[in-house]
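One file, coords15.txt, is given below (compact mmCIF, C-alpha atoms).
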# COMPACT_ATOMS: atom_id res chain seq x y z
CA MET A 1 0.46 95.66 -3.27
CA ARG A 2 -0.31 96.01 0.45
CA LEU A 3 -3.35 98.18 -0.38
CA ALA A 4 -4.53 95.64 -2.97
CA LEU A 5 -4.18 92.85 -0.39
CA ASP A 6 -6.25 94.91 2.07
CA GLU A 7 -8.94 95.22 -0.62
CA ALA A 8 -8.79 91.45 -1.19
CA GLY A 9 -9.51 90.98 2.52
CA ARG A 10 -12.64 93.10 2.11
CA ALA A 11 -13.80 90.84 -0.71
CA ALA A 12 -13.25 87.74 1.41
CA ARG A 13 -15.20 89.24 4.31
CA GLY A 14 -18.05 89.90 1.86
CA GLY A 15 -18.09 86.24 0.79
CA ASP A 16 -16.43 86.84 -2.57
CA VAL A 17 -13.25 85.62 -4.22
CA PRO A 18 -10.48 87.55 -2.42
CA VAL A 19 -9.11 89.79 -5.18
CA GLY A 20 -8.15 93.42 -4.66
CA ALA A 21 -6.89 96.10 -7.03
CA VAL A 22 -5.45 99.60 -6.82
CA VAL A 23 -4.92 102.13 -9.62
CA LEU A 24 -1.87 104.36 -9.23
CA ALA A 25 -1.46 107.69 -11.01
CA ALA A 26 1.35 108.27 -13.48
CA ASP A 27 3.68 109.32 -10.62
CA GLY A 28 3.48 105.73 -9.34
CA THR A 29 2.66 106.71 -5.76
CA THR A 30 -0.68 108.53 -5.76
CA VAL A 31 -3.61 106.14 -5.30
CA LEU A 32 -6.46 107.13 -7.62
CA ALA A 33 -8.86 104.33 -6.74
CA ALA A 34 -9.19 100.88 -5.24
CA GLY A 35 -11.60 98.01 -5.60
CA HIS A 36 -12.28 94.45 -4.58
CA ASN A 37 -14.49 91.73 -6.00
CA GLU A 38 -18.15 92.55 -5.33
CA ARG A 39 -19.93 89.97 -7.49
CA GLU A 40 -21.64 88.27 -4.56
CA ALA A 41 -22.53 91.54 -2.83
CA THR A 42 -24.00 93.19 -5.92
CA GLY A 43 -25.12 90.26 -8.07
CA ASP A 44 -23.12 91.85 -10.91
CA PRO A 45 -20.98 89.34 -12.84
CA THR A 46 -18.71 92.17 -14.04
CA ALA A 47 -17.95 93.47 -10.52
CA HIS A 48 -14.35 92.28 -10.58
CA ALA A 49 -11.79 94.21 -8.53
CA GLU A 50 -9.93 95.45 -11.62
CA VAL A 51 -13.04 96.73 -13.40
CA LEU A 52 -14.32 98.51 -10.30
CA ALA A 53 -10.92 100.11 -9.62
CA VAL A 54 -10.63 101.26 -13.25
CA ARG A 55 -14.16 102.74 -13.20
CA ARG A 56 -13.44 104.61 -9.98
CA ALA A 57 -10.07 105.88 -11.26
CA ALA A 58 -11.70 107.16 -14.44
CA ALA A 59 -14.34 108.94 -12.36
CA GLU A 60 -11.64 110.44 -10.15
CA LEU A 61 -9.73 111.75 -13.17
CA GLY A 62 -12.86 112.74 -15.08
CA GLU A 63 -11.35 110.94 -18.05
CA TRP A 64 -11.77 107.39 -19.38
CA ARG A 65 -8.17 107.24 -20.60
CA LEU A 66 -5.90 106.09 -17.79
CA THR A 67 -2.72 106.68 -19.76
CA GLY A 68 0.34 106.56 -17.52
CA CYS A 69 -1.51 104.71 -14.75
CA THR A 70 -0.55 101.41 -13.16
CA LEU A 71 -2.97 98.77 -11.90
CA VAL A 72 -1.75 96.68 -8.97
CA VAL A 73 -3.89 93.57 -8.46
CA THR A 74 -3.54 90.51 -6.25
CA LEU A 75 -4.45 87.97 -8.97
CA GLU A 76 -3.65 87.84 -12.68
CA PRO A 77 -6.52 89.54 -14.55
CA CYS A 78 -9.06 87.45 -16.46
CA THR A 79 -9.89 88.04 -20.11
CA MET A 80 -12.72 90.47 -19.29
CA CYS A 81 -10.52 92.54 -17.01
CA ALA A 82 -7.63 92.44 -19.48
CA GLY A 83 -9.98 93.86 -22.10
CA ALA A 84 -11.07 96.63 -19.73
CA LEU A 85 -7.43 97.47 -19.02
CA VAL A 86 -6.60 97.64 -22.71
CA GLN A 87 -9.67 99.81 -23.40
CA SER A 88 -8.87 102.18 -20.52
CA ARG A 89 -5.28 102.59 -21.75
CA VAL A 90 -3.68 101.52 -18.45
CA ASP A 91 0.06 101.49 -19.11
CA ARG A 92 1.20 98.82 -16.67
CA VAL A 93 -0.26 95.93 -14.70
CA VAL A 94 1.44 94.42 -11.68
CA TYR A 95 -0.13 91.24 -10.31
CA GLY A 96 0.74 89.06 -7.36
CA ALA A 97 -0.46 85.53 -8.16
CA ARG A 98 -0.84 83.70 -11.45
CA ASP A 99 -4.29 82.40 -12.37
CA ASP A 100 -3.77 79.24 -14.40
CA LYS A 101 -7.52 78.77 -14.87
CA ALA A 102 -8.63 82.19 -16.13
CA GLY A 103 -5.55 84.45 -16.24
CA ALA A 104 -5.05 86.40 -19.44
CA ALA A 105 -1.97 88.54 -18.82
CA ARG A 106 0.56 86.03 -20.09
CA LEU A 107 -1.04 85.53 -23.48
CA PRO A 108 -2.21 88.00 -26.13
CA VAL A 109 -5.85 89.00 -25.71
CA GLY A 110 -8.11 86.79 -27.79
CA ARG A 111 -5.71 83.86 -27.82
CA ARG A 112 -6.33 82.53 -24.34
CA PRO A 113 -7.98 79.10 -24.49
CA ARG A 114 -11.23 78.92 -22.56
CA PRO A 115 -11.29 76.52 -19.63
CA ALA A 116 -13.66 73.63 -20.24
CA PRO A 117 -15.90 74.07 -17.16
CA GLN A 118 -16.92 77.63 -18.04
CA PRO A 119 -19.60 78.08 -20.72
CA SER A 120 -18.69 80.38 -23.55
CA PRO A 121 -21.13 82.62 -25.38
CA ARG A 122 -21.79 81.90 -29.03
CA GLY A 123 -21.34 84.70 -31.51
CA ASP A 124 -24.08 85.04 -34.14
CA ARG A 125 -22.69 87.78 -36.39
CA GLY A 126 -23.26 85.61 -39.44
CA ARG A 127 -26.96 85.27 -38.64
CA ALA A 128 -27.71 89.01 -38.67
CA ARG A 129 -29.75 90.16 -41.62
CA ARG A 130 -27.78 91.89 -44.32
CA GLY A 131 -29.61 95.19 -43.78
CA VAL A 132 -28.89 95.16 -40.05
CA ARG A 133 -25.18 94.54 -40.62
CA GLY A 134 -25.04 97.29 -43.24
CA THR A 135 -26.76 99.77 -40.95
CA ALA A 136 -24.37 98.92 -38.11
CA HIS A 137 -21.37 99.51 -40.38
CA ARG A 138 -22.77 102.81 -41.67
CA LEU A 139 -23.11 104.12 -38.11
CA LEU A 140 -19.35 103.89 -37.64
CA PRO A 141 -17.39 106.86 -38.99
CA GLY A 142 -14.47 104.64 -39.92
CA PRO A 143 -11.77 102.99 -37.86
CA VAL A 144 -12.35 103.81 -34.20
CA THR A 145 -8.64 104.29 -33.57
CA PRO A 146 -5.74 104.49 -35.99
CA PRO A 147 -3.63 101.36 -36.32
CA PRO A 148 -0.65 101.20 -33.95
CA PRO A 149 2.72 102.32 -35.33
CA ALA A 150 5.07 99.63 -36.55
CA GLY A 151 6.79 97.87 -33.67
CA ALA A 152 4.33 99.10 -31.03
CA GLU A 153 3.22 96.77 -28.26
CA THR A 154 -0.24 95.52 -29.15
CA ASP A 155 -0.91 92.79 -26.62
CA PHE A 156 -1.81 93.11 -22.97
CA GLY A 157 0.68 90.46 -21.82
CA ALA A 158 3.65 92.53 -22.93
CA ARG A 159 2.71 95.17 -20.32
CA ALA A 160 2.08 92.85 -17.37
CA THR A 161 4.55 92.30 -14.55
CA VAL A 162 4.49 89.34 -12.18
CA LEU A 163 5.69 89.93 -8.63
Could I get this file's structure written as structure tokens?
Amino acid sequence: MRLALDEAGRAARGGDVPVGAVVLAADGTTVLAAGHNEREATGDPTAHAEVLAVRRAAAELGEWRLTGCTLVVTLEPCTMCAGALVQSRVDRVVYGARDDKAGAARLPVGRRPRPAPQPSPRGDRGRARRGVRGTAHRLLPGPVTPPPPAGAETDFGARATVL
């Protein structure tokens, strides 16, 4: 957590929200990558500490699957970051402070109510032309991943730890 706090300080010095993250290898001690919020510095709305750390860890491993890895982050991940952590197969998340406004670790992904002040995008799947939808479905070879075995953890919150 000390390394993640150091990263958060870098974000603050850059004029961003002070959040830092570190990805640890499966041994729990080797640091694969670190990141801090860089939205203001880069103009990239997805440049959250967790996403940057995960991208860098994947590059370090040469593999997008971060199975066995732990993410240590100073603030509870938002919905976007929680999705990235699920997609990257991070096994464990340890966070320092709860985020009552945008935190997503304590609730299953997709069930977190959106805070009123933040606009939410509108999905228009129903408006796509039938041919476009059919073509999109035909491009997929079938289910992307097999369903999880019975009794397996399927929500992000079950793998998060609060310090």
Self-check item: All residues 6 Å or closer to region 78-86 of chain A, only C-alpha atoms, same chain fewer than 4 positions away omitted, as a VMD selection string
Solution: chain A and resid 90 102 to 104
Dump as a short mmCIF file (atom, residue, chain, number, x, y, z; two decimals), keeping the file's coordinate frame, selection limited to C-alpha atoms:
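Saved the output as selection.cif:
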data_model
loop_
_atom_site.label_atom_id
_atom_site.label_comp_id
_atom_site.auth_asym_id
_atom_site.auth_seq_id
_atom_site.Cartn_x
_atom_site.Cartn_y
_atom_site.Cartn_z
CA VAL A 90 -3.68 101.52 -18.45
CA ALA A 102 -8.63 82.19 -16.13
CA GLY A 103 -5.55 84.45 -16.24
CA ALA A 104 -5.05 86.40 -19.44
#
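For the atom pair formed by CA of Ala47 (chain A) and CA of Asp91 (chain A), the distance is 21.5 Å, given to one decimal.
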Self-check item: Who sits within 12 Å of region 31-35 of chain A, all atoms listed in the file, same chain under 4 positions skipped, as a ChimeraX atom specification
Solution: /A:1-11,18-27,39,47-62,66,69-74
Kindly provide, as JSON, the centre and edge lengths (Å, one decimal) of an axis-aligned box around all atoms of region 32-49 of chain A given in the file, with 3 Å on each side.
{"center_x": -15.8, "center_y": 97.7, "center_z": -8.4, "size_x": 24.7, "size_y": 24.9, "size_z": 17.2}
Exercise. Record the distance separating CA of Ala12 (chain A) and CA of Tyr95 (chain A), expressed in Å with one decimal.
Key: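 Rounded to one decimal, the two atoms are 17.9 Å apart.
Separating CA of Ser88 (chain A) from CA of Gly28 (chain A) is a distance of 17.0 Å.
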